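What follows is a single structure, written as structure tokens, with notes after it.
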There are 2 protein chains.
Amino acid sequence: MTPVPSNATELALQRIRLTSPFWARYQALVREVVVPYQWEALNDRLPDAEPSHAIANLRIAAGREQGAFQGMVFQDSDVYKWLEAVAYLLCREPDEALERAADEVIELIAAAQQPDGYLNTYFIAKAPAERWTNLTECHELYCAGHLFEAGVAYVQATGKRRLLEVCCRFADHIDTVFGPAPDQLHGYPGHPEVELALLRLHETTGEPRYRSLAQYFIEQRGTWPHFYDIEYERRGRTSFWDNHGRDWMVRDKAYSQAHLPIVEQTAATGHAVRFAYLLTGVAHLARLSGDEAKREACLRLWDDMAQRQMYVTGGIGAQGWGESFTSAYDLPNDSAYTESCASIGLMMFASRMLQMEGDGRYADAMERALYNTVLAGMSLDGTRFFYVNPLETVPRVMPGSHVYDHVKPVRQRWFACACCPPNIARLLASIGRYVYTQRDDALYVNLYLGSEAEFERNGAHFKLRQRGDYPWDERIELDVLADAPFATTLALRLPEWCAQPQLQVNGEAVQIDADKGYARLTRRWHPGDCIVLELPMPVRRVSAHPSLRQAAGKVALQRGPLVYCLEQVDNGPDLHQLVLPADAVFRVLPGEGVLGGKQVIQVEGVRRLPAGGDALYRYDAGTPAQQRQALAFVPYFCWANRGEGEMRVWVDTC
Amino acid sequence: MTPVPSNATELALQRIRLTSPFWARYQALVREVVVPYQWEALNDRLPDAEPSHAIANLRIAAGREQGAFQGMVFQDSDVYKWLEAVAYLLCREPDEALERAADEVIELIAAAQQPDGYLNTYFIAKAPAERWTNLTECHELYCAGHLFEAGVAYVQATGKRRLLEVCCRFADHIDTVFGPAPDQLHGYPGHPEVELALLRLHETTGEPRYRSLAQYFIEQRGTWPHFYDIEYERRGRTSFWDNHGRDWMVRDKAYSQAHLPIVEQTAATGHAVRFAYLLTGVAHLARLSGDEAKREACLRLWDDMAQRQMYVTGGIGAQGWGESFTSAYDLPNDSAYTESCASIGLMMFASRMLQMEGDGRYADAMERALYNTVLAGMSLDGTRFFYVNPLETVPRVMPGSHVYDHVKPVRQRWFACACCPPNIARLLASIGRYVYTQRDDALYVNLYLGSEAEFERNGAHFKLRQRGDYPWDERIELDVLADAPFATTLALRLPEWCAQPQLQVNGEAVQIDADKGYARLTRRWHPGDCIVLELPMPVRRVSAHPSLRQAAGKVALQRGPLVYCLEQVDNGPDLHQLVLPADAVFRVLPGEGVLGGKQVIQVEGVRRLPAGGDALYRYDAGTPAQQRQALAFVPYFCWANRGEGEMRVWVDTC
């Protein structure tokens, strides 16, 4: 086993240090608020939340505590995601107490692992006879995947191999259980995740079997006769879940993207998180293997997702049922699902596509998801979370309508199904991984955020220092720090939201030849070279494709990567009566209070004042009276930090 | 038992003969298409539909056939509603074959009745030990109610008492089972219907016990400790239905308007059909008893329904979940439930309110429901039916989204739960009952439709002949036919949609003093007197209350009582891009093809042409290009008679 430090195209997290105030604040929140809070949650020490029982389950599985398994079948994954977040924090700066807590959890995990390598507390403690009998509905391989991601992150952060060894033992076990041999299961998980994780494990350990196993899971998926049916019959037609008609996960194979082999699929469908996690693995494998059919599938499915089924906030998953996609050009604003985890998955998928394609469209969507849906998933103080991120809320109608059962008007502290908070934590703690992509042809700068990163390319060692106040300010400076000159191509992303980017090197304007969304600078760099990229950030009106009826006659506002919204606290109720004139002039102002340090938009708008009174309907009431009203838009990611109220992204225009 | 011919305020159906071509056509359809088709359905002789098994269930219960009960627990009610429709047809004209078929069914029903009077094929044939153990979820009293309505209608139509006797035996039995005595059940039905039916049975038979029993059911409803909980515990916490978490009907008491005593309820809530059926009974009882608290509850709940929760089409029930109301000013257009049966229930509730209050607002809503949602429930050829009547459909997005699970883009032939088709049939066959209300203070003309009706008031016998081509033409003529002069007050409804009604008597203009929505003419009438009411019908723009966000910035078109809509077949796809300018001039034209005999609206409108292409979002695209387009609106009740396509009632305006 020859360890490779990290995904070759991805910068190891130790090699980038964030200096951006915007992101440093988020990372401090994760360190000081989120991770400690989640640690208390995992240990059932929160007075105001349902017990998680996740650590207790590990103790029980390890034989250190008597008791019964409690929680979701995928409860283990919360612990693994917490560990992964901890690992990323430890890459940033040492923290003895935190590392000690993590090491103790890792020992507990190791103790819970069975002699054959198997590891899942639900099946160890509660249903040992049912191991690997219900891949469709349960989450053994999903949990395994999160374990592997944690193991990879932890060894990269600390050099400690204990958790990685647990991972490998489990992966080796899985490799004996699944495969084409007659005595193996010819199956794959209902919830993808293990595929992308096995590929990370493969890149970290160099073990080719892990890549082969990921490939097996990916290629076996959606073949017929169908594994879901086979195992359903084999286990006597029992179902784990008891809703929507019991065996619906078996029947509705598109829910988990298993209705067809992946290379034959043409549309983003089913559970949005599963889709994004699966395609992350497929794209990773396509790059490693050079398999053109898989690459084509990734391109095709990405396009369907991003060009027909993605919200302007980078959210995916238009319906609560199945937390899933609906169809092209159907993006309801108030009943959207748009799960925080799905946008995190979108970022992961995007990063793999960037690695494969070097095309800025993937970074554009990644940034859109990050600065809007993902950040909106957490309150500004790091204590509360959205699972679902709608683009319109009217709290007064929500209790009466089951269309909104999945939507909350304000963030919640913790969830029975607690996937989003730890997922947001690990994403924020590892944001540095998304900044650069190292390809043979160029070093790609995908995200602009204040940081210092070390690189080694073609024998040259150098650093890039990014400065600026992105996403608020348009000026980005990149300093080349090195001991000696070196030649390489730097590819600077030209965001799709920016109409007129301007580039200087060492004070001289450089003509930009955009190539797949990047400005490529191929030259011999000298220590002290300074690149200045100006990305003018006027407020822009976003309009939607003509077939997207939920945005017809409406616009959204965007400045830089940030989508804005109206909130009742600033603009009064009945936001649907507000109109943004086509010629309105925007003013960008500093926010106040909890919005301090943010920028808000003010604009002279109009409030329609239809006749009120008791009548529900009126005849020939004429064009409603209009009243000028100063409209205040706030960044979407900041919404619902000032109490409960209406919110709206798409605003009527005229 | 002293039979009373009918509800004293309601005109017996034999006493009105329809001459309106519009309505004669509908009644002919019911006679020639709907009732025969449903007869085949009830007898499982349709090759293209799931078997109903309803007649077979009766045979089995009567011991005339071996076999097992099949179908819904309320399958019997389909037979009863069919019989009720047949009775109304027989009031219109004799039909030996039809009456013979009905008589045979009645004999079968009588044979199925148990010695103690009990009658319900599900519990007789399938679950005899479970009689009266699950009022919350099953439909024994609901089916009883439909039986009683059929029995009342049949004796009124034919003078034959056979079915009425079956009804009375069953009602007498129910009266022994339910009541305040210690050995009686202190319960009431989860699905109201028996209350309104017992009151009809009371008015037909003169039996006061039936009224008392209805009163018991109404007053017991929603009292605590709660009957649903008591019987749930008593039967060992079993549930009949297996969805939404089993016992949800027990828990969600507001679903069946049983969360509070009716006199304490303040908002229309829960299952819309149940609400309307229940309030029909409550309003009837309030009038008979003069109970002010019940009357106030009716006024209050009516207002909440009609002024805050009713679609412009007269539909009620804004969500698929529970086929139920949501809350004030929340009326989604595409995911509406707006069941045909609920609007029929609204008409029944309205007719009782008219009888009690003599206020035109109830007739206005009744007419709105009738000419829009109820008529839309059936195809123009009488062969297909809508259960759900949305105000916007985009067929291409429906298969992908579970928000639309309950919505169909075109009418269906028959339903597993076949409540709507026979309900529409009985409503259309008995439309004459809704035309007039006979109160002490006046004879009210609620609906304008070509007809001849006989009256007896204060000893005078006379006829009113209505002529005209309503709803298409604005001129209505009423001829007074009598042998001698007589004095009475005629109250002519002044529809709320009509801004400038004009009235003449014998060629002389009469000043209209509107009183609660009626023009009252108190005079001594002479044979040959002729009243002409002109109700100008310009196309009117309807706008909605400012809090109704689903209609913000939009208008609907209405002409006379008819709401209009856009269809794709006339206007192309993406109806959401069509705009109706504020100054547009309407042309009313005769329809063609399947719309022959109808009037359509043409108007110069605008199609927004936002930039298309692959991009889902664009920046600063400017005001979309616009293209003038002649828009064609068709009556909402005619939609989806020309294949599948988009439809939209609320249209953007500017």
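Naming works like this for the structure tokens: A, B, ... for the chains as they're shown, residue 1 at the start of each chain, ligands 1 onward in shown order.
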
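The list of chain B residues within 6 Å of chain A is Gln307, Thr326, Ser327, Gly400, Ser401, Arg540, Arg541, Val542, Ser543, Ala544, His545, Pro546, Arg549, His576, Pro610, Gly612, Ala615, Leu616, Tyr617, Arg618, Tyr619 and Asp620 of chain B; this uses only C-alpha atoms.
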
Would you please give, as a VMD selection string, all residues of range 545-639 of chain B that DSSP assigns to strand (DSSP E or B) based on the backbone? chain B and resid 554 to 559 562 to 567 578 to 580 586 to 590 599 to 609 617 to 619 625 to 635

With N, CA and C atoms retained, write the just-selected residues as a short mmCIF file (atom, residue, chain, number, x, y, z; two decimals), in the first residue's frame.
```cif
data_model
loop_
_atom_site.label_atom_id
_atom_site.label_comp_id
_atom_site.auth_asym_id
_atom_site.auth_seq_id
_atom_site.Cartn_x
_atom_site.Cartn_y
_atom_site.Cartn_z
N LYS B 554 -52.20 39.53 -11.82
CA LYS B 554 -52.92 38.76 -12.84
C LYS B 554 -54.40 39.13 -12.84
N VAL B 555 -55.06 38.80 -13.93
CA VAL B 555 -56.51 38.91 -13.98
C VAL B 555 -57.08 37.62 -14.56
N ALA B 556 -58.34 37.40 -14.23
CA ALA B 556 -59.11 36.35 -14.89
C ALA B 556 -60.22 37.04 -15.67
N LEU B 557 -60.73 36.39 -16.67
CA LEU B 557 -61.83 36.96 -17.43
C LEU B 557 -63.13 36.26 -17.07
N GLN B 558 -64.17 37.04 -16.98
CA GLN B 558 -65.48 36.48 -16.69
C GLN B 558 -66.51 37.20 -17.55
N ARG B 559 -67.41 36.44 -18.08
CA ARG B 559 -68.55 37.03 -18.81
C ARG B 559 -69.80 36.35 -18.29
N LEU B 562 -69.71 32.97 -16.33
CA LEU B 562 -68.67 32.06 -16.84
C LEU B 562 -67.28 32.66 -16.70
N VAL B 563 -66.42 31.92 -16.03
CA VAL B 563 -65.00 32.26 -15.99
C VAL B 563 -64.35 31.64 -17.23
N TYR B 564 -63.40 32.35 -17.80
CA TYR B 564 -62.75 31.89 -19.02
C TYR B 564 -61.30 31.49 -18.75
N CYS B 565 -60.75 30.77 -19.71
CA CYS B 565 -59.35 30.36 -19.56
C CYS B 565 -58.67 30.32 -20.91
N LEU B 566 -57.35 30.33 -20.87
CA LEU B 566 -56.54 30.13 -22.06
C LEU B 566 -56.21 28.65 -22.19
N GLU B 567 -56.22 28.15 -23.42
CA GLU B 567 -55.75 26.79 -23.65
C GLU B 567 -54.65 26.79 -24.70
N LEU B 578 -47.98 34.84 -21.77
CA LEU B 578 -49.00 35.68 -22.39
C LEU B 578 -49.44 36.77 -21.42
N VAL B 579 -49.65 37.93 -21.97
CA VAL B 579 -50.00 39.09 -21.14
C VAL B 579 -51.24 39.75 -21.74
N LEU B 580 -52.15 40.10 -20.86
CA LEU B 580 -53.37 40.78 -21.29
C LEU B 580 -53.23 42.26 -20.93
N PHE B 586 -62.26 43.44 -25.90
CA PHE B 586 -62.69 42.05 -26.05
C PHE B 586 -63.70 41.91 -27.18
N ARG B 587 -63.60 40.79 -27.86
CA ARG B 587 -64.63 40.44 -28.83
C ARG B 587 -65.21 39.11 -28.42
N VAL B 588 -66.52 39.02 -28.38
CA VAL B 588 -67.18 37.77 -28.03
C VAL B 588 -67.67 37.13 -29.32
N LEU B 589 -67.21 35.90 -29.55
CA LEU B 589 -67.49 35.24 -30.83
C LEU B 589 -68.07 33.86 -30.59
N PRO B 590 -68.81 33.37 -31.57
CA PRO B 590 -69.30 31.99 -31.42
C PRO B 590 -68.15 31.00 -31.53
N GLN B 599 -69.72 30.58 -26.49
CA GLN B 599 -69.13 31.84 -26.89
C GLN B 599 -67.71 31.92 -26.36
N VAL B 600 -66.82 32.31 -27.25
CA VAL B 600 -65.43 32.44 -26.86
C VAL B 600 -65.06 33.93 -26.91
N ILE B 601 -63.94 34.25 -26.33
CA ILE B 601 -63.49 35.64 -26.26
C ILE B 601 -62.19 35.78 -27.01
N GLN B 602 -62.13 36.75 -27.86
CA GLN B 602 -60.86 37.06 -28.52
C GLN B 602 -60.40 38.43 -28.08
N VAL B 603 -59.11 38.57 -27.94
CA VAL B 603 -58.58 39.85 -27.48
C VAL B 603 -57.13 39.96 -27.94
N GLU B 604 -56.77 41.17 -28.29
CA GLU B 604 -55.38 41.40 -28.71
C GLU B 604 -54.50 41.40 -27.45
N GLY B 605 -53.60 40.48 -27.37
CA GLY B 605 -52.72 40.40 -26.22
C GLY B 605 -51.28 40.44 -26.65
N VAL B 606 -50.44 40.01 -25.77
CA VAL B 606 -49.00 40.11 -26.01
C VAL B 606 -48.35 38.81 -25.55
N ARG B 607 -47.42 38.35 -26.31
CA ARG B 607 -46.59 37.25 -25.84
C ARG B 607 -45.19 37.80 -25.56
N ARG B 608 -44.76 37.60 -24.31
CA ARG B 608 -43.37 37.95 -23.99
C ARG B 608 -42.46 36.94 -24.65
N LEU B 609 -41.38 37.41 -25.19
CA LEU B 609 -40.44 36.51 -25.87
C LEU B 609 -39.06 36.65 -25.23
N TYR B 617 -30.47 30.75 -17.06
CA TYR B 617 -30.54 32.11 -16.51
C TYR B 617 -29.69 33.04 -17.37
N ARG B 618 -30.16 34.26 -17.49
CA ARG B 618 -29.42 35.28 -18.24
C ARG B 618 -29.33 36.55 -17.42
N TYR B 619 -28.32 37.33 -17.70
CA TYR B 619 -28.12 38.59 -16.98
C TYR B 619 -28.53 39.76 -17.85
N ALA B 625 -38.54 40.94 -25.44
CA ALA B 625 -39.26 41.35 -26.65
C ALA B 625 -40.71 40.92 -26.51
N GLN B 626 -41.59 41.65 -27.16
CA GLN B 626 -43.00 41.31 -27.08
C GLN B 626 -43.55 41.18 -28.48
N GLN B 627 -44.50 40.31 -28.61
CA GLN B 627 -45.11 40.09 -29.91
C GLN B 627 -46.61 40.14 -29.70
N ARG B 628 -47.28 40.87 -30.53
CA ARG B 628 -48.73 40.90 -30.40
C ARG B 628 -49.28 39.55 -30.78
N GLN B 629 -50.25 39.13 -30.02
CA GLN B 629 -50.85 37.83 -30.30
C GLN B 629 -52.34 37.91 -29.97
N ALA B 630 -53.15 37.43 -30.88
CA ALA B 630 -54.59 37.36 -30.59
C ALA B 630 -54.79 36.22 -29.60
N LEU B 631 -55.32 36.56 -28.45
CA LEU B 631 -55.55 35.53 -27.43
C LEU B 631 -56.99 35.04 -27.53
N ALA B 632 -57.14 33.74 -27.39
CA ALA B 632 -58.49 33.15 -27.41
C ALA B 632 -58.77 32.55 -26.04
N PHE B 633 -59.81 33.02 -25.42
CA PHE B 633 -60.25 32.47 -24.15
C PHE B 633 -61.51 31.65 -24.37
N VAL B 634 -61.57 30.52 -23.71
CA VAL B 634 -62.78 29.68 -23.80
C VAL B 634 -63.37 29.53 -22.39
N PRO B 635 -64.66 29.25 -22.31
CA PRO B 635 -65.25 29.06 -20.98
C PRO B 635 -64.50 27.96 -20.24
#
```

With only C-alpha atoms as the counted atoms, please give the residues lying no more than 10 Å from Leu98 in chain B, apart from itself and same-chain residues fewer than 4 positions off, as number ranges by chain. B: 31, 35-36, 83, 86-87, 89-90, 94, 102-104

Do you know which residues are at most 12 Å from Asp48 in chain A counting only C-alpha atoms, after dropping those on the same chain fewer than 2 positions away, and could you put them as a ChimeraX atom specification? /A:37,40-41,44-46,50-52,412-415

Write a file of the just-selected residues containing N, CA, C and O atoms, as a PDB file, in the first residue's frame.
```pdb
ATOM      1  N   TYR A  37     -20.888  21.982  19.111  1.00  0.00           N
ATOM      2  CA  TYR A  37     -22.322  21.732  19.297  1.00  0.00           C
ATOM      3  C   TYR A  37     -22.680  20.323  18.810  1.00  0.00           C
ATOM      4  O   TYR A  37     -23.407  19.574  19.466  1.00  0.00           O
ATOM      5  N   GLU A  40     -21.614  17.690  21.179  1.00  0.00           N
ATOM      6  CA  GLU A  40     -22.594  17.531  22.259  1.00  0.00           C
ATOM      7  C   GLU A  40     -23.808  16.759  21.766  1.00  0.00           C
ATOM      8  O   GLU A  40     -24.349  15.894  22.461  1.00  0.00           O
ATOM      9  N   ALA A  41     -24.230  17.070  20.541  1.00  0.00           N
ATOM     10  CA  ALA A  41     -25.398  16.371  19.985  1.00  0.00           C
ATOM     11  C   ALA A  41     -25.123  14.882  19.839  1.00  0.00           C
ATOM     12  O   ALA A  41     -25.938  14.035  20.241  1.00  0.00           O
ATOM     13  N   ASP A  44     -25.474  13.137  23.005  1.00  0.00           N
ATOM     14  CA  ASP A  44     -26.767  13.266  23.692  1.00  0.00           C
ATOM     15  C   ASP A  44     -26.686  14.200  24.896  1.00  0.00           C
ATOM     16  O   ASP A  44     -27.310  13.958  25.925  1.00  0.00           O
ATOM     17  N   ARG A  45     -25.958  15.262  24.733  1.00  0.00           N
ATOM     18  CA  ARG A  45     -25.839  16.187  25.855  1.00  0.00           C
ATOM     19  C   ARG A  45     -26.538  17.524  25.588  1.00  0.00           C
ATOM     20  O   ARG A  45     -26.291  18.500  26.269  1.00  0.00           O
ATOM     21  N   LEU A  46     -27.404  17.546  24.578  1.00  0.00           N
ATOM     22  CA  LEU A  46     -28.136  18.779  24.308  1.00  0.00           C
ATOM     23  C   LEU A  46     -29.486  18.722  25.003  1.00  0.00           C
ATOM     24  O   LEU A  46     -30.275  17.809  24.752  1.00  0.00           O
ATOM     25  N   GLU A  50     -33.660  16.224  20.436  1.00  0.00           N
ATOM     26  CA  GLU A  50     -33.805  14.775  20.522  1.00  0.00           C
ATOM     27  C   GLU A  50     -32.414  14.142  20.625  1.00  0.00           C
ATOM     28  O   GLU A  50     -31.487  14.592  19.957  1.00  0.00           O
ATOM     29  N   PRO A  51     -32.257  13.104  21.439  1.00  0.00           N
ATOM     30  CA  PRO A  51     -30.931  12.479  21.497  1.00  0.00           C
ATOM     31  C   PRO A  51     -30.533  11.879  20.155  1.00  0.00           C
ATOM     32  O   PRO A  51     -31.350  11.299  19.457  1.00  0.00           O
ATOM     33  N   SER A  52     -29.265  12.043  19.800  1.00  0.00           N
ATOM     34  CA  SER A  52     -28.737  11.461  18.555  1.00  0.00           C
ATOM     35  C   SER A  52     -28.444   9.979  18.738  1.00  0.00           C
ATOM     36  O   SER A  52     -28.698   9.161  17.872  1.00  0.00           O
ATOM     37  N   GLN A 412     -33.574  25.462  12.014  1.00  0.00           N
ATOM     38  CA  GLN A 412     -33.798  24.625  13.189  1.00  0.00           C
ATOM     39  C   GLN A 412     -32.452  24.275  13.823  1.00  0.00           C
ATOM     40  O   GLN A 412     -31.421  24.305  13.171  1.00  0.00           O
ATOM     41  N   ARG A 413     -32.513  23.887  15.088  1.00  0.00           N
ATOM     42  CA  ARG A 413     -31.257  23.582  15.774  1.00  0.00           C
ATOM     43  C   ARG A 413     -30.621  22.285  15.314  1.00  0.00           C
ATOM     44  O   ARG A 413     -29.432  22.175  15.161  1.00  0.00           O
ATOM     45  N   TRP A 414     -31.416  21.255  15.174  1.00  0.00           N
ATOM     46  CA  TRP A 414     -30.862  19.942  14.856  1.00  0.00           C
ATOM     47  C   TRP A 414     -31.984  19.138  14.245  1.00  0.00           C
ATOM     48  O   TRP A 414     -33.141  19.484  14.398  1.00  0.00           O
ATOM     49  N   PHE A 415     -31.690  18.092  13.575  1.00  0.00           N
ATOM     50  CA  PHE A 415     -32.726  17.315  12.906  1.00  0.00           C
ATOM     51  C   PHE A 415     -32.654  15.855  13.323  1.00  0.00           C
ATOM     52  O   PHE A 415     -31.572  15.344  13.579  1.00  0.00           O
TER      53      PHE A 415
END
```

One-decimal distance in Å that lies between CA of Glu392 in chain B and CA of Gln568 in chain B: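 Distance between the two atoms: 11.2 Å.
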
Show which residues sit within 9 Å of Trp23 in chain A, as a PDB file with C-alpha atoms, in the first residue's frame. Count only C-alpha atoms, and ignore same-chain residues fewer than 2 positions away.
```pdb
ATOM      1  CA  LEU A  18      -7.316  31.019   4.244  1.00  0.00           C
ATOM      2  CA  THR A  19      -6.902  34.682   5.036  1.00  0.00           C
ATOM      3  CA  SER A  20     -10.274  35.855   3.684  1.00  0.00           C
ATOM      4  CA  PRO A  21     -12.186  37.507   6.506  1.00  0.00           C
ATOM      5  CA  ARG A  25     -15.197  33.797  10.049  1.00  0.00           C
ATOM      6  CA  TYR A  26     -17.024  30.741   8.728  1.00  0.00           C
ATOM      7  CA  GLN A  27     -14.180  28.446   9.638  1.00  0.00           C
ATOM      8  CA  ALA A  28     -14.017  29.947  13.107  1.00  0.00           C
ATOM      9  CA  LEU A 428     -17.010  24.886   5.163  1.00  0.00           C
ATOM     10  CA  ILE A 431     -13.542  24.957   1.336  1.00  0.00           C
ATOM     11  CA  LEU A 449     -10.840  33.921  -1.719  1.00  0.00           C
ATOM     12  CA  GLY A 450      -8.083  35.432   0.350  1.00  0.00           C
TER      13      GLY A 450
END
```

Using only C-alpha atoms, which protein or nucleic acid residues come within 7 Å of range 371-386 of chain A? Drop anything in the same chain fewer than 3 positions from it, and give the result as a PyMOL selection string. chain A and resi 29+33-34+313-315+340+343-344+367-368+389+411-413+421+424+561-563+636-638+641
